[in-house]
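Comments concern the structure below.
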Amino acid sequence: MLHKLADLINMFNLVTLDRLMIGGSALFVLIVLIFWITRRKGRSSDAAWLPPELQGARLIGVESDLSLRGEFNINGRLDRLYQLEDGRYVPVERKNHRQARVFSTDKLQLSIYRYILECNGHPVAPYGFVVLPHFNHAMKTKLYDRDYVRNRLKRYALLRAGQIDPKRESNGKCTKCSHANRCAA
Amino acid sequence: MGRSKTWSVTEIVAAEYCEQKVLHDQRYGNRPTREAQRAMRDGQRDHDRFERDGLAQQAGQDSRCYIATAVFGGDAIETNELRDWRDNWLSLHSAGRAFIQAYYWASPTLVKLFAHIPGANSVIRTILRGFLRLLGGRNHAA
């Protein structure tokens, strides 16, 4: 009787194990399929835009929170941070631009991240990348040096303190601005 | 100069776009137009995908094995056997590398999901041990 019971349990275990293995395999196949489909639907994969400079680099940060305390207090979140084999960091930002170009805002943004990293003691390459998924391309951009960024931060501080007159834009940017009527008045 | 105030990089960069807008935002609040809101929504969706891809890539560089670590422990024999299989067999084939990427893409979510299902870890352990037995058999046969 006990032998029969043991056989039954054994058989049950085998059947259960078989089922679990089939179920587990099916789950993994499903995961691979979902992953493959979402990658195909995506506008770009990393392999498509990754520039030669970052091919051997290590991705050390995704949505990295960076902060600086001292003369200026700044917080920011960097899309990606790579580390080259020589130890230097390279900041990367993704942008939805419809034109294949780096805007001055992109360059300043990456340069501020460089400034924060350097002020925190990290070595940073003199360039960064703007990833443009619509073009499957990462555009390399030379970053501003510390003195330049520091001057821009000083100007921003003066602007916010109301100690300097703001520069007004008068080109096409205003059409998208919710304050356009205020400026016109 | 208001040095104690903390600014975001986004705020500072907005001044590059238009300094007057920065002051208007400060005074009246930042109310994006509908067109800008739509662009922001689209941008956020794509941005989330970029983040997920990045996390998957980062996990792929990682020596961890999420599910095995969760159910067996980081230094368990089973976890190390699965790592060996990943590094010495899966990673040598393009389909295997795709599988690794898919695994790292999905496994953090799966681990969180399993944590909420009573008994899930023991089921996963059974599956993985069975799988390792198969691997062992194949390796011995080879």
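Residues are named by chain letter and number: chains run A, B, ... in the order of the structure tokens, numbers start at 1 in each chain, and ligands are numbered from 1 in the order shown.
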- Run DSSP on the backbone of this structure and report the residues of chain B it assigns to helix (DSSP H, G or I), as an MDAnalysis selection string. chainID B and resid 9:17 19:28 34:61 66:72 77:88 90:92 94:115 120:141
File dump, residues just selected, C-alpha atoms, as a JSON list (two decimals), in the first residue's frame:
[["chain", "number", "residue", "atom", "x", "y", "z"],
["B", 9, "VAL", "CA", 18.76, 71.81, -15.19],
["B", 10, "THR", "CA", 15.51, 72.06, -17.19],
["B", 11, "GLU", "CA", 14.78, 75.48, -15.67],
["B", 12, "ILE", "CA", 18.24, 76.77, -16.48],
["B", 13, "VAL", "CA", 18.13, 75.47, -20.03],
["B", 14, "ALA", "CA", 14.74, 77.14, -20.52],
["B", 15, "ALA", "CA", 16.57, 80.47, -20.28],
["B", 16, "GLU", "CA", 18.55, 79.49, -23.34],
["B", 17, "TYR", "CA", 15.23, 79.13, -25.14],
["B", 19, "GLU", "CA", 14.86, 84.47, -20.89],
["B", 20, "GLN", "CA", 11.60, 86.43, -20.95],
["B", 21, "LYS", "CA", 9.66, 83.15, -20.83],
["B", 22, "VAL", "CA", 11.55, 82.15, -17.68],
["B", 23, "LEU", "CA", 10.38, 85.30, -15.92],
["B", 24, "HIS", "CA", 6.82, 84.92, -17.22],
["B", 25, "ASP", "CA", 6.78, 81.30, -16.03],
["B", 26, "GLN", "CA", 8.03, 82.47, -12.64],
["B", 27, "ARG", "CA", 5.33, 85.12, -12.42],
["B", 28, "TYR", "CA", 2.32, 83.52, -14.16],
["B", 34, "ARG", "CA", -2.12, 72.29, -26.42],
["B", 35, "GLU", "CA", 0.37, 71.69, -29.18],
["B", 36, "ALA", "CA", 3.22, 71.70, -26.66],
["B", 37, "GLN", "CA", 1.26, 69.38, -24.34],
["B", 38, "ARG", "CA", 0.69, 66.88, -27.16],
["B", 39, "ALA", "CA", 4.37, 66.99, -28.10],
["B", 40, "MET", "CA", 5.29, 66.45, -24.44],
["B", 41, "ARG", "CA", 3.00, 63.41, -24.18],
["B", 42, "ASP", "CA", 4.48, 61.85, -27.33],
["B", 43, "GLY", "CA", 7.96, 62.67, -26.12],
["B", 44, "GLN", "CA", 7.29, 61.09, -22.73],
["B", 45, "ARG", "CA", 6.11, 57.84, -24.31],
["B", 46, "ASP", "CA", 9.23, 57.57, -26.45],
["B", 47, "HIS", "CA", 11.34, 58.65, -23.54],
["B", 48, "ASP", "CA", 9.94, 55.82, -21.39],
["B", 49, "ARG", "CA", 10.87, 53.34, -24.11],
["B", 50, "PHE", "CA", 14.39, 54.76, -24.22],
["B", 51, "GLU", "CA", 14.60, 54.33, -20.45],
["B", 52, "ARG", "CA", 13.39, 50.72, -20.61],
["B", 53, "ASP", "CA", 15.93, 49.93, -23.35],
["B", 54, "GLY", "CA", 18.64, 51.50, -21.23],
["B", 55, "LEU", "CA", 17.68, 49.51, -18.15],
["B", 56, "ALA", "CA", 17.63, 46.30, -20.20],
["B", 57, "GLN", "CA", 21.05, 47.12, -21.62],
["B", 58, "GLN", "CA", 22.37, 47.95, -18.17],
["B", 59, "ALA", "CA", 20.98, 44.73, -16.75],
["B", 60, "GLY", "CA", 22.60, 42.81, -19.63],
["B", 61, "GLN", "CA", 25.99, 44.12, -18.53],
["B", 66, "TYR", "CA", 17.46, 38.28, -11.31],
["B", 67, "ILE", "CA", 15.06, 35.37, -11.03],
["B", 68, "ALA", "CA", 17.63, 32.78, -9.91],
["B", 69, "THR", "CA", 19.01, 35.26, -7.36],
["B", 70, "ALA", "CA", 15.51, 35.92, -6.06],
["B", 71, "VAL", "CA", 14.62, 32.26, -5.62],
["B", 72, "PHE", "CA", 17.98, 30.61, -4.79],
["B", 77, "ILE", "CA", 25.11, 26.72, -6.79],
["B", 78, "GLU", "CA", 22.01, 26.85, -8.99],
["B", 79, "THR", "CA", 22.45, 30.57, -9.63],
["B", 80, "ASN", "CA", 26.08, 30.06, -10.59],
["B", 81, "GLU", "CA", 25.20, 27.16, -12.90],
["B", 82, "LEU", "CA", 22.64, 29.33, -14.66],
["B", 83, "ARG", "CA", 25.20, 32.13, -14.95],
["B", 84, "ASP", "CA", 27.66, 29.69, -16.51],
["B", 85, "TRP", "CA", 25.02, 28.58, -18.98],
["B", 86, "ARG", "CA", 24.32, 32.23, -19.84],
["B", 87, "ASP", "CA", 27.98, 33.20, -20.23],
["B", 88, "ASN", "CA", 29.33, 30.06, -21.87],
["B", 90, "LEU", "CA", 23.65, 31.52, -24.49],
["B", 91, "SER", "CA", 25.87, 34.57, -25.03],
["B", 92, "LEU", "CA", 27.71, 32.80, -27.87],
["B", 94, "SER", "CA", 22.69, 35.68, -31.48],
["B", 95, "ALA", "CA", 19.36, 34.07, -30.51],
["B", 96, "GLY", "CA", 20.81, 33.45, -27.06],
["B", 97, "ARG", "CA", 21.86, 37.06, -26.71],
["B", 98, "ALA", "CA", 18.33, 38.13, -27.72],
["B", 99, "PHE", "CA", 17.01, 35.78, -25.06],
["B", 100, "ILE", "CA", 19.35, 37.30, -22.45],
["B", 101, "GLN", "CA", 18.16, 40.80, -23.36],
["B", 102, "ALA", "CA", 14.54, 39.68, -23.20],
["B", 103, "TYR", "CA", 15.19, 38.02, -19.87],
["B", 104, "TYR", "CA", 16.74, 41.14, -18.37],
["B", 105, "TRP", "CA", 14.00, 43.26, -19.84],
["B", 106, "ALA", "CA", 11.24, 41.19, -18.25],
["B", 107, "SER", "CA", 12.77, 39.64, -15.16],
["B", 108, "PRO", "CA", 12.76, 42.64, -12.77],
["B", 109, "THR", "CA", 8.99, 42.92, -13.30],
["B", 110, "LEU", "CA", 8.53, 39.15, -13.00],
["B", 111, "VAL", "CA", 10.48, 39.05, -9.74],
["B", 112, "LYS", "CA", 8.24, 41.79, -8.31],
["B", 113, "LEU", "CA", 5.18, 39.89, -9.55],
["B", 114, "PHE", "CA", 6.32, 36.58, -8.04],
["B", 115, "ALA", "CA", 6.86, 38.31, -4.71],
["B", 120, "ALA", "CA", 5.48, 31.28, -6.78],
["B", 121, "ASN", "CA", 9.11, 31.09, -5.73],
["B", 122, "SER", "CA", 8.89, 27.40, -4.94],
["B", 123, "VAL", "CA", 7.29, 26.74, -8.34],
["B", 124, "ILE", "CA", 10.07, 28.70, -10.07],
["B", 125, "ARG", "CA", 12.67, 26.79, -8.04],
["B", 126, "THR", "CA", 11.19, 23.50, -9.22],
["B", 127, "ILE", "CA", 11.17, 24.66, -12.85],
["B", 128, "LEU", "CA", 14.74, 25.91, -12.69],
["B", 129, "ARG", "CA", 16.03, 22.78, -10.94],
["B", 130, "GLY", "CA", 14.35, 20.63, -13.59],
["B", 131, "PHE", "CA", 15.91, 22.80, -16.26],
["B", 132, "LEU", "CA", 19.33, 22.51, -14.64],
["B", 133, "ARG", "CA", 18.94, 18.71, -14.56],
["B", 134, "LEU", "CA", 18.32, 18.82, -18.32],
["B", 135, "LEU", "CA", 21.36, 21.04, -18.78],
["B", 136, "GLY", "CA", 23.46, 18.72, -16.64],
["B", 137, "GLY", "CA", 22.34, 15.73, -18.71],
["B", 138, "ARG", "CA", 23.18, 17.50, -21.94],
["B", 139, "ASN", "CA", 26.58, 18.60, -20.64],
["B", 140, "HIS", "CA", 27.39, 15.08, -19.46],
["B", 141, "ALA", "CA", 26.28, 13.66, -22.80]]
- Message: Need to verify the contact set: Ile60 in chain A, 7 Å, only C-alpha atoms, exclusion of same-chain residues closer than 4 positions in sequence. Can you return it as a VMD selection string?
- Response: chain A and resid 81 to 83
Could you turn the residues from that selection into a file that holds C-alpha atoms, as an mmCIF file, in the first residue's frame?
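As written to disk, selection.cif reads:
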data_model
loop_
_atom_site.group_PDB
_atom_site.id
_atom_site.type_symbol
_atom_site.label_atom_id
_atom_site.label_comp_id
_atom_site.auth_asym_id
_atom_site.auth_seq_id
_atom_site.Cartn_x
_atom_site.Cartn_y
_atom_site.Cartn_z
ATOM 1 C CA LEU A 81 25.631 58.143 -18.573
ATOM 2 C CA TYR A 82 28.343 56.043 -20.197
ATOM 3 C CA GLN A 83 31.849 55.406 -18.944
#
- Counting only C-alpha atoms, which of A:Ser67, A:Asn181, A:Thr105, A:Asn136 gets nearest to chain B? A:Thr105
- Task: To one decimal in Å, tell me the separation between CA of Pro52 in chain A and CA of Arg98 in chain A.
- Result: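 Between CA of Pro52 in chain A and CA of Arg98 in chain A the gap works out to 23.4 Å.
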- Shortest interatomic distance to chain B - which of A:Arg101, A:Arg146, A:Arg114, A:Arg77, counting only C-alpha atoms: A:Arg77
- Message: What's the separation between CA of Leu66 in chain A and CA of Lys167 in chain A, in Å to one decimal place?
- Response: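 Result for CA of Leu66 in chain A versus CA of Lys167 in chain A: 28.3 Å, one decimal.
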- Query: Contacts of Pro126 in chain A at 10 Å or less, counting only C-alpha atoms, minus same-chain residues fewer than 6 places along, as a PyMOL selection string?
  - Reply: chain A and resi 88-91+111+114+141-145
- Message: I'd like the contact shell of range 130-132 of chain A - 10 Å cut-off, only C-alpha atoms, skipping same-chain residues fewer than 2 positions apart - returned as a PyMOL selection string.
- Response: (chain A and resi 43-44+46+49-51+79+91-103+106-107+110+128+134-141) or (chain B and resi 50)
- May I ask for the distance between CA of Lys5 in chain B and CA of Ile74 in chain A, given in Å to one decimal place?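 Rounded to one decimal, the two atoms are 8.6 Å apart.
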